[in-house]
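Colleague: Provided herewith: structure-v5.cif, mmCIF, C-alpha atoms.
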data_run
loop_
_atom_site.label_atom_id
_atom_site.label_comp_id
_atom_site.auth_asym_id
_atom_site.auth_seq_id
_atom_site.Cartn_x
_atom_site.Cartn_y
_atom_site.Cartn_z
CA MET A 109 105.31 157.45 52.63
CA THR A 110 108.86 157.44 53.97
CA GLY A 111 110.39 157.57 57.42
CA PHE A 112 107.63 155.43 58.91
CA THR A 113 108.81 152.78 61.39
CA GLN A 114 106.34 150.23 62.62
CA SER A 115 106.61 149.69 66.36
CA SER A 116 106.98 146.17 67.65
CA PHE A 117 104.45 144.57 69.94
CA GLN A 118 104.96 145.21 73.65
CA ARG A 119 103.35 143.12 76.31
CA ALA A 120 101.15 144.66 78.95
CA GLN A 121 103.16 145.31 82.09
CA ARG A 122 101.02 142.97 84.18
CA ILE A 123 102.21 139.96 82.15
CA ALA A 124 105.63 141.27 81.12
CA THR A 125 107.54 138.71 83.19
CA MET A 126 105.18 135.79 82.62
CA GLY A 127 105.67 132.99 80.17
CA VAL A 128 103.89 129.83 79.22
CA SER A 129 103.73 127.42 82.14
CA GLU A 130 106.83 125.21 82.42
CA VAL A 131 104.40 122.31 82.77
CA LEU A 132 103.18 123.00 79.22
CA GLU A 133 106.70 123.59 77.90
CA ILE A 134 107.95 120.26 79.22
CA GLY A 135 104.87 118.53 77.84
CA ALA A 136 105.52 120.06 74.41
CA LYS A 137 109.20 119.04 74.48
CA ALA A 138 108.25 115.51 75.51
CA ALA A 139 105.73 115.35 72.66
CA ARG A 140 108.42 116.44 70.17
CA LEU A 141 110.75 113.70 71.38
CA ARG A 142 107.95 111.18 70.94
CA GLN A 143 107.37 112.38 67.40
CA GLN A 144 111.07 111.78 66.75
CA GLY A 145 110.57 108.15 67.75
CA HIS A 146 111.81 108.21 71.36
CA PRO A 147 109.82 106.13 73.89
CA VAL A 148 108.95 109.05 76.17
CA ILE A 149 106.72 108.49 79.19
CA ILE A 150 104.96 111.74 80.13
CA LEU A 151 104.13 111.98 83.83
CA GLY A 152 103.48 115.70 83.93
CA ALA A 153 99.75 115.70 83.25
CA GLY A 154 97.35 117.23 85.74
CA GLU A 155 94.41 115.11 84.69
CA PRO A 156 93.16 111.58 85.36
CA ASP A 157 93.85 108.97 82.73
CA PHE A 158 90.37 107.50 83.23
CA THR A 159 87.41 108.28 80.97
CA THR A 160 84.36 110.37 81.80
CA PRO A 161 81.66 108.05 83.27
CA GLU A 162 79.24 106.68 80.69
CA HIS A 163 76.08 108.13 82.25
CA VAL A 164 77.67 111.58 82.13
CA LYS A 165 78.49 111.23 78.43
CA GLU A 166 74.98 109.99 77.70
CA ALA A 167 73.47 113.00 79.46
CA ALA A 168 75.52 115.32 77.26
CA ILE A 169 74.62 113.44 74.08
CA ASN A 170 70.94 113.68 74.97
CA ALA A 171 71.33 117.40 75.68
CA ILE A 172 72.69 117.93 72.17
CA ARG A 173 69.79 115.94 70.68
CA ASP A 174 67.36 118.01 72.75
CA ASP A 175 68.89 121.24 71.44
CA VAL A 176 70.20 122.42 74.81
CA THR A 177 72.59 124.64 72.87
CA LYS A 178 71.79 128.23 73.84
CA TYR A 179 73.30 130.69 76.26
CA THR A 180 72.35 129.99 79.86
CA HIS A 181 72.17 132.05 83.02
CA LEU A 182 75.50 133.83 83.50
CA THR A 183 76.60 131.77 86.52
CA GLY A 184 75.05 128.50 85.41
CA THR A 185 71.54 127.15 84.96
CA GLN A 186 69.30 126.88 87.98
CA ALA A 187 69.45 123.09 87.58
CA LEU A 188 73.26 123.11 87.77
CA ARG A 189 73.33 125.46 90.75
CA GLU A 190 70.77 123.23 92.49
CA ALA A 191 73.02 120.21 91.81
CA ILE A 192 75.98 122.10 93.29
CA GLN A 193 73.84 123.15 96.25
CA HIS A 194 72.91 119.48 96.78
CA LYS A 195 76.56 118.41 96.50
CA PHE A 196 77.66 120.84 99.22
CA GLN A 197 74.86 119.63 101.51
CA ARG A 198 75.50 115.93 100.83
CA ASP A 199 79.29 115.92 100.96
CA ASN A 200 80.18 118.85 103.22
CA GLN A 201 77.07 119.53 105.33
CA LEU A 202 77.06 123.10 104.00
CA HIS A 203 74.00 125.02 102.89
CA TYR A 204 74.20 127.82 100.34
CA GLU A 205 71.41 129.74 98.65
CA LEU A 206 71.44 129.66 94.85
CA ASP A 207 72.68 133.25 94.64
CA GLU A 208 75.70 132.20 96.74
CA ILE A 209 76.74 129.68 94.06
CA CYS A 210 78.35 130.21 90.66
CA ALA A 211 79.65 128.01 87.86
CA ALA A 212 82.34 128.91 85.34
CA THR A 213 84.54 127.49 82.60
CA GLY A 214 86.70 125.48 84.96
CA ALA A 215 87.86 126.04 88.54
CA LYS A 216 90.72 128.15 87.17
CA GLN A 217 88.24 130.71 85.87
CA VAL A 218 86.44 130.71 89.22
CA ILE A 219 89.71 131.59 90.96
CA HIS A 220 90.54 134.20 88.31
CA ASN A 221 87.11 135.77 88.74
CA ALA A 222 87.48 135.89 92.52
CA TYR A 223 90.82 137.68 92.45
CA MET A 224 89.84 140.05 89.65
CA ALA A 225 86.72 140.94 91.61
CA SER A 226 88.43 141.51 94.95
CA LEU A 227 92.08 142.56 94.61
CA ASN A 228 93.33 146.11 94.32
CA ASP A 229 96.90 146.86 93.27
CA GLY A 230 99.30 145.74 95.98
CA ASP A 231 96.81 143.67 97.98
CA GLU A 232 98.59 140.60 99.31
CA VAL A 233 97.63 136.95 98.94
CA ILE A 234 99.38 134.40 101.16
CA LEU A 235 100.29 131.35 99.11
CA PRO A 236 101.87 128.32 100.81
CA SER A 237 104.51 126.75 98.57
CA PRO A 238 104.63 124.38 96.82
CA TYR A 239 101.56 125.59 94.93
CA TRP A 240 99.90 125.03 91.58
CA THR A 241 101.73 127.21 89.08
CA SER A 242 98.67 129.15 87.90
CA TYR A 243 97.80 130.52 91.34
CA ALA A 244 100.67 133.00 91.46
CA ASP A 245 100.17 134.29 87.91
CA ILE A 246 96.42 134.72 88.37
CA ILE A 247 97.06 136.80 91.50
CA ALA A 248 99.66 138.91 89.68
CA ILE A 249 97.39 139.53 86.67
CA ALA A 250 94.70 140.73 89.09
CA GLY A 251 97.14 143.26 90.54
CA GLY A 252 97.84 141.38 93.75
CA LYS A 253 101.14 140.64 95.42
CA VAL A 254 101.99 137.01 96.09
CA VAL A 255 103.40 136.34 99.56
CA THR A 256 104.85 132.84 99.45
CA VAL A 257 105.38 130.83 102.62
CA PRO A 258 107.69 127.85 102.00
CA CYS A 259 106.33 124.61 103.48
CA SER A 260 109.11 122.05 103.54
CA GLN A 261 109.02 118.30 103.22
CA GLU A 262 109.81 118.14 106.95
CA GLN A 263 106.51 120.00 107.56
CA GLY A 264 104.64 117.60 105.32
CA PHE A 265 104.33 120.48 102.82
CA ARG A 266 101.72 122.06 105.11
CA LEU A 267 101.36 125.64 106.34
CA THR A 268 101.75 126.08 110.11
CA PRO A 269 99.76 128.56 112.22
CA ASP A 270 102.94 130.39 113.28
CA ALA A 271 104.07 130.80 109.67
CA LEU A 272 100.63 132.07 108.69
CA GLU A 273 100.60 134.57 111.54
CA ALA A 274 104.05 135.84 110.56
CA ALA A 275 103.00 136.32 106.92
CA ILE A 276 99.94 138.48 107.61
CA THR A 277 100.36 142.23 107.14
CA PRO A 278 97.92 145.15 106.94
CA ARG A 279 97.82 144.56 103.14
CA THR A 280 96.81 140.88 103.37
CA LYS A 281 93.51 140.26 101.57
CA TRP A 282 93.44 136.49 101.11
CA LEU A 283 94.93 133.23 102.28
CA MET A 284 94.78 130.51 99.64
CA LEU A 285 94.71 126.82 100.56
CA ASN A 286 94.58 123.74 98.34
CA SER A 287 93.85 120.44 100.10
CA PRO A 288 94.64 117.80 98.96
CA SER A 289 97.36 119.70 97.20
CA ASN A 290 98.73 119.97 93.73
CA PRO A 291 101.71 119.30 93.54
CA SER A 292 102.46 117.67 96.91
CA GLY A 293 99.31 115.68 97.70
CA ALA A 294 99.40 117.17 101.21
CA PHE A 295 96.11 117.20 103.11
CA TYR A 296 94.93 119.29 106.06
CA ASN A 297 92.84 117.36 108.57
CA ALA A 298 90.31 119.02 110.88
CA GLU A 299 92.82 119.71 113.63
CA GLN A 300 95.33 121.27 111.25
CA LEU A 301 92.69 123.39 109.52
CA ASN A 302 91.20 124.55 112.83
CA ALA A 303 94.61 125.82 113.93
CA LEU A 304 94.84 127.97 110.79
CA LEU A 305 91.24 129.14 111.15
CA ASP A 306 92.03 130.32 114.68
CA VAL A 307 94.67 132.60 113.18
CA LEU A 308 92.14 134.02 110.72
CA ARG A 309 89.75 134.75 113.58
CA ARG A 310 92.35 137.17 114.92
CA HIS A 311 92.52 138.93 111.52
CA PRO A 312 88.97 139.83 110.44
CA ASP A 313 90.09 141.50 107.19
CA VAL A 314 91.73 138.35 105.79
CA TRP A 315 89.56 136.14 103.58
CA LEU A 316 90.13 132.48 102.72
CA LEU A 317 89.95 130.87 99.28
CA THR A 318 90.03 127.10 99.51
CA ASP A 319 90.51 124.99 96.38
CA ASP A 320 88.92 121.58 97.03
CA ILE A 321 89.23 120.21 93.49
CA TYR A 322 90.93 116.98 94.73
CA GLU A 323 88.35 116.41 97.49
CA HIS A 324 87.43 112.90 96.37
CA LEU A 325 91.03 111.76 95.82
CA LEU A 326 91.98 111.17 99.45
CA TYR A 327 93.59 107.98 100.74
CA ASP A 328 94.26 105.87 103.85
CA ASP A 329 90.80 106.44 105.33
CA HIS A 330 91.36 110.17 105.81
CA THR A 331 88.14 112.13 106.17
CA PHE A 332 87.84 115.21 103.97
CA VAL A 333 86.88 118.46 105.65
CA THR A 334 86.61 121.96 104.23
CA SER A 335 87.07 125.22 106.08
CA ALA A 336 83.53 126.61 105.84
CA GLN A 337 82.28 123.33 107.27
CA LEU A 338 84.57 123.65 110.32
CA ALA A 339 84.09 127.39 110.89
CA PRO A 340 80.51 128.59 110.38
CA ASP A 341 81.51 131.87 112.03
CA LEU A 342 84.00 132.51 109.18
CA LYS A 343 81.71 131.38 106.36
CA SER A 344 81.01 135.00 105.40
CA ARG A 345 84.63 135.40 104.26
CA ILE A 346 85.35 131.96 102.80
CA LEU A 347 85.11 131.08 99.10
CA THR A 348 85.01 127.33 98.50
CA VAL A 349 86.09 126.31 94.98
CA ASN A 350 85.56 122.91 93.40
CA GLY A 351 84.74 121.30 90.06
CA VAL A 352 84.10 118.08 88.19
CA SER A 353 87.45 117.87 86.39
CA LYS A 354 89.49 115.59 88.66
CA ALA A 355 87.02 113.37 90.49
CA TYR A 356 84.89 112.60 87.43
CA ALA A 357 87.69 112.72 84.81
CA MET A 358 86.04 115.68 83.06
CA THR A 359 88.98 118.04 82.52
CA GLY A 360 87.98 118.89 78.95
CA TRP A 361 84.37 119.63 79.84
CA ARG A 362 85.54 122.79 81.65
CA ILE A 363 83.13 123.15 84.57
CA GLY A 364 84.20 124.57 87.90
CA TYR A 365 82.09 126.10 90.61
CA ALA A 366 82.23 127.95 93.90
CA ALA A 367 80.10 128.93 96.86
CA GLY A 368 80.60 131.92 99.10
CA PRO A 369 79.23 135.28 100.24
CA ARG A 370 76.62 136.54 97.77
CA GLU A 371 78.26 139.95 97.31
CA LEU A 372 81.51 138.27 96.27
CA ILE A 373 79.65 135.86 93.97
CA LYS A 374 77.85 138.84 92.42
CA ALA A 375 81.17 140.63 91.82
CA MET A 376 82.66 137.48 90.30
CA ALA A 377 79.68 137.30 87.95
CA THR A 378 80.43 140.84 86.82
CA VAL A 379 83.95 139.77 85.86
CA GLN A 380 82.69 136.67 84.09
CA SER A 381 80.07 138.65 82.18
CA GLN A 382 82.88 140.44 80.34
CA SER A 383 84.97 137.35 79.56
CA THR A 384 83.24 134.04 78.79
CA SER A 385 79.68 134.73 79.96
CA SER A 386 77.99 131.44 80.81
CA PRO A 387 79.75 128.06 80.74
CA SER A 388 78.96 125.60 77.97
CA SER A 389 75.32 124.54 78.09
CA ILE A 390 76.20 120.93 77.17
CA SER A 391 78.94 120.73 79.80
CA GLN A 392 76.53 122.00 82.42
CA VAL A 393 74.16 119.12 81.72
CA ALA A 394 77.07 116.70 81.96
CA ALA A 395 78.13 118.23 85.30
CA ILE A 396 74.61 117.81 86.68
CA ALA A 397 74.73 114.12 85.77
CA ALA A 398 78.13 113.78 87.45
CA LEU A 399 77.11 115.51 90.67
CA THR A 400 73.68 113.90 91.06
CA GLY A 401 74.19 110.50 89.44
CA PRO A 402 75.83 107.33 90.81
CA GLN A 403 78.91 108.13 92.89
CA THR A 404 80.39 104.61 93.02
CA VAL A 405 82.99 105.50 90.40
CA LEU A 406 84.66 107.84 92.90
CA GLY A 407 85.54 105.07 95.33
CA GLU A 408 86.60 102.67 92.59
CA ARG A 409 89.04 105.15 91.05
CA GLN A 410 90.26 106.33 94.43
CA ALA A 411 91.29 102.75 95.26
CA LEU A 412 93.17 102.42 91.95
CA PHE A 413 94.99 105.71 92.50
CA GLN A 414 95.97 104.68 96.03
CA LYS A 415 97.48 101.43 94.75
CA ARG A 416 99.47 103.36 92.13
CA ARG A 417 100.62 105.87 94.74
CA ASP A 418 101.91 103.12 97.03
CA ASN A 419 103.86 101.43 94.24
CA VAL A 420 105.39 104.67 92.94
CA VAL A 421 106.48 105.89 96.37
CA ASP A 422 108.05 102.53 97.14
CA GLN A 423 109.99 102.49 93.86
CA LEU A 424 111.15 106.11 94.08
CA ASN A 425 112.48 105.63 97.59
CA ARG A 426 114.76 102.91 96.19
CA CYS A 427 116.44 105.49 93.93
CA ASN A 428 119.82 106.85 95.03
CA GLY A 429 119.41 110.53 95.93
CA ILE A 430 115.60 110.64 96.04
CA GLN A 431 113.34 110.86 99.09
CA CYS A 432 109.59 110.66 98.62
CA LEU A 433 106.89 111.24 101.23
CA LEU A 434 103.64 109.30 101.04
CA PRO A 435 101.06 111.90 99.93
CA GLU A 436 97.61 111.81 101.45
CA GLY A 437 95.70 112.77 98.33
CA ALA A 438 95.49 113.98 94.71
CA PHE A 439 97.46 111.95 92.11
CA TYR A 440 100.95 113.37 92.44
CA VAL A 441 104.10 112.65 94.36
CA PHE A 442 106.56 115.45 95.10
CA PRO A 443 109.91 113.77 95.86
CA SER A 444 113.05 115.55 96.97
CA CYS A 445 115.94 115.27 94.51
CA HIS A 446 118.38 117.14 96.75
CA GLY A 447 120.50 114.00 96.91
CA THR A 448 121.21 114.21 93.19
CA LEU A 449 122.37 117.84 93.19
CA GLY A 450 126.08 118.43 92.68
CA ARG A 451 126.53 115.06 90.98
CA GLN A 452 127.52 114.49 87.36
CA THR A 453 125.77 112.73 84.51
CA PRO A 454 127.63 110.16 82.39
CA SER A 455 128.25 112.91 79.82
CA GLY A 456 129.93 115.12 82.45
CA GLU A 457 127.14 117.61 83.09
CA THR A 458 126.62 118.68 86.69
CA ILE A 459 123.11 118.48 88.14
CA GLU A 460 122.89 121.84 89.88
CA THR A 461 119.11 122.34 90.11
CA ASP A 462 115.86 120.41 90.06
CA SER A 463 115.34 121.69 86.51
CA ASP A 464 118.69 120.14 85.52
CA PHE A 465 117.61 116.83 87.04
CA CYS A 466 114.27 116.87 85.21
CA ARG A 467 115.99 117.79 81.94
CA TYR A 468 118.40 114.87 82.43
CA LEU A 469 115.49 112.48 83.00
CA LEU A 470 113.71 113.68 79.87
CA GLU A 471 116.62 113.99 77.44
CA HIS A 472 118.56 110.89 78.46
CA HIS A 473 116.00 108.55 80.02
CA TYR A 474 112.77 109.70 78.36
CA VAL A 475 110.72 110.39 81.48
CA ALA A 476 108.91 113.76 81.63
CA VAL A 477 108.33 115.17 85.12
CA ILE A 478 108.07 118.77 86.37
CA PRO A 479 110.69 120.54 88.52
CA GLY A 480 109.63 121.73 91.95
CA SER A 481 110.87 125.24 91.19
CA SER A 482 107.83 125.57 88.90
CA PHE A 483 105.68 125.14 91.99
CA GLY A 484 107.62 127.52 94.21
CA LEU A 485 109.79 124.98 96.08
CA ASP A 486 113.23 124.09 94.72
CA GLY A 487 114.90 120.72 95.04
CA HIS A 488 111.86 118.58 94.25
CA PHE A 489 109.95 117.32 91.23
CA ARG A 490 106.31 116.48 90.58
CA LEU A 491 105.39 113.12 89.11
CA SER A 492 101.78 112.39 88.21
CA TYR A 493 100.70 108.80 88.73
CA ALA A 494 97.63 109.34 86.55
CA ALA A 495 99.08 106.79 84.11
CA SER A 496 98.92 103.06 83.51
CA ASP A 497 100.62 100.60 85.85
CA ASP A 498 102.98 99.54 83.05
CA GLU A 499 103.99 103.12 82.26
CA LEU A 500 104.58 103.90 85.92
CA ALA A 501 106.67 100.76 86.45
CA THR A 502 108.81 101.50 83.39
CA ALA A 503 109.23 105.15 84.36
CA CYS A 504 110.35 104.25 87.87
CA GLU A 505 112.86 101.75 86.44
CA ARG A 506 114.28 104.50 84.22
CA ILE A 507 114.50 106.98 87.11
CA HIS A 508 116.28 104.34 89.19
CA LYS A 509 118.77 103.77 86.37
CA ALA A 510 119.22 107.53 85.86
CA CYS A 511 120.06 108.05 89.53
CA ALA A 512 122.40 105.07 89.58
CA GLN A 513 124.39 106.54 86.69
CA LEU A 514 125.08 109.85 88.47
CA ARG A 515 128.61 110.17 89.82
#
Rewrite the coordinates I just gave you, this time as structure tokens.
Modeller:
Amino acid sequence: MTGFTQSSFQRAQRIATMGVSEVLEIGAKAARLRQQGHPVIILGAGEPDFTTPEHVKEAAINAIRDDVTKYTHLTGTQALREAIQHKFQRDNQLHYELDEICAATGAKQVIHNAYMASLNDGDEVILPSPYWTSYADIIAIAGGKVVTVPCSQEQGFRLTPDALEAAITPRTKWLMLNSPSNPSGAFYNAEQLNALLDVLRRHPDVWLLTDDIYEHLLYDDHTFVTSAQLAPDLKSRILTVNGVSKAYAMTGWRIGYAAGPRELIKAMATVQSQSTSSPSSISQVAAIAALTGPQTVLGERQALFQKRRDNVVDQLNRCNGIQCLLPEGAFYVFPSCHGTLGRQTPSGETIETDSDFCRYLLEHHYVAVIPGSSFGLDGHFRLSYAASDDELATACERIHKACAQLR
């Protein structure tokens, strides 16, 4: 047969402008440099460096031995949903019925399910920046329009009521909040949250998705609060997302969960039924052990993270051209590198953007961090202090030297 030309693959329009996360790209480049023998310190990871608690691992091992290896209920076993129900009551003074709770393969899938189940083309989602990179792409894949509201370092990287009010339009479907935040570590206390909730009361068609995944990584005696807890009158349009990944060092187990209005949960289950179906049966058993077992590990690791945070912030603020706020939670700092922009490296390259600065740190000083532009706010970078004290001390020394060498 002649004259036949095979067409090349074309991406679906909804992902035509999307690429692999810059976080993953930088991690891959750093790994290649390591393989070449360079002493790279990678501080881009979004996961704790601690191990899963022993009693959680034992529960999973026993589940395998007991042949708990079949499909489960679509949104999680009754036992897991009861554990989640108990967690919300214990930690947040919130009661949900079991059909108002769902579990999925990570909190990311929960968020994906929620937006796929609720967004029509062109519906708007207000996203304070900086934000976790996946939020914007998940919204776009679901057909939504991201409305970013920049939240500067001067604002503590927090959304203000006036800025929220100004961002709402007739097409606004959701506001999304993450507290404590990835990448900034910013936290909304009760007073700050209540001010935003007052705005939502004036806009009854706007729903709230709150990502509480860093709930137990909060420092300086701050008290965690979540929106549904503060505003029972708005509970019917709030989806509260959480998971076991960060607090219990269970990122690879892939269990996230949410609680919210049963009709939304039902619609999310419909989406999930045509993607992954139920989460891993073994991981569900492990999550039950995490949520219902001893909680002392949370305080122990929180104290270690706070000590690391304090040391890293102190060292970064000694670097010429860097300003770093003290974050209230999570395990990231989000320093400004504006003071390095416009300066030249020893090889004569000009640092024009935060990406240039991060590339300079990686290629010449072997420290991998993520540019703020990846998180929707230029002129900053994210450094994860989920690493050993020695690695963090060495990395900060290298960043100090890198800044000192800029002309």
Colleague: If the PyMOL selection byres ((chain A and resi 512) around 10) were run on this exact file, what residues would it hold? Put them as number ranges by chain.
Modeller: A: 427-429, 448, 453, 506-511, 513-515
Colleague: If you keep C-alpha atoms, can you produce a file of those selected residues as a compact mmCIF listing (two decimals), in the coordinates of the input?
Modeller:
# COMPACT_ATOMS: atom_id res chain seq x y z
CA CYS A 427 116.44 105.49 93.93
CA ASN A 428 119.82 106.85 95.03
CA GLY A 429 119.41 110.53 95.93
CA THR A 448 121.21 114.21 93.19
CA THR A 453 125.77 112.73 84.51
CA ARG A 506 114.28 104.50 84.22
CA ILE A 507 114.50 106.98 87.11
CA HIS A 508 116.28 104.34 89.19
CA LYS A 509 118.77 103.77 86.37
CA ALA A 510 119.22 107.53 85.86
CA CYS A 511 120.06 108.05 89.53
CA GLN A 513 124.39 106.54 86.69
CA LEU A 514 125.08 109.85 88.47
CA ARG A 515 128.61 110.17 89.82
Colleague: For the file shown, report as a list of chain:residue names the outcome of the PyMOL selection byres ((chain A and resi 456-472) around 8) at residue level.
Modeller: A:Ala138, A:Val148, A:Cys445, A:His446, A:Thr448, A:Leu449, A:Gly450, A:Arg451, A:Gln452, A:Thr453, A:Pro454, A:Ser455, A:His473, A:Tyr474, A:Val475, A:Ala476, A:Val477, A:Ile478, A:Pro479, A:Gly480, A:Ser481, A:Asp486, A:Gly487, A:His488, A:Phe489, A:Ile507, A:Ala510
Colleague: Considering all atoms listed in the file, state which residue in the set A:Leu347, A:Ala411, A:Val393, A:Thr400 is at the smallest distance from Asp328 in chain A.
Modeller: A:Ala411
Colleague: Within 10 Å of (79.7, 120.3, 87.0), only C-alpha atoms: residues as number ranges by chain?
Modeller: A: 184, 188-189, 191-192, 211-214, 350-353, 356, 358, 361-365, 387, 391-400
Colleague: Name the residues in contact with Arg490 in chain A at a cut-off of 12 Å, using all atoms listed in the file, excluding same-chain residues fewer than 3 positions from it; report them as a PyMOL selection string.
Modeller: chain A and resi 130-131+150-154+238-241+289-293+424+432-433+435+438-445+462-463+465-466+475-487+493-494
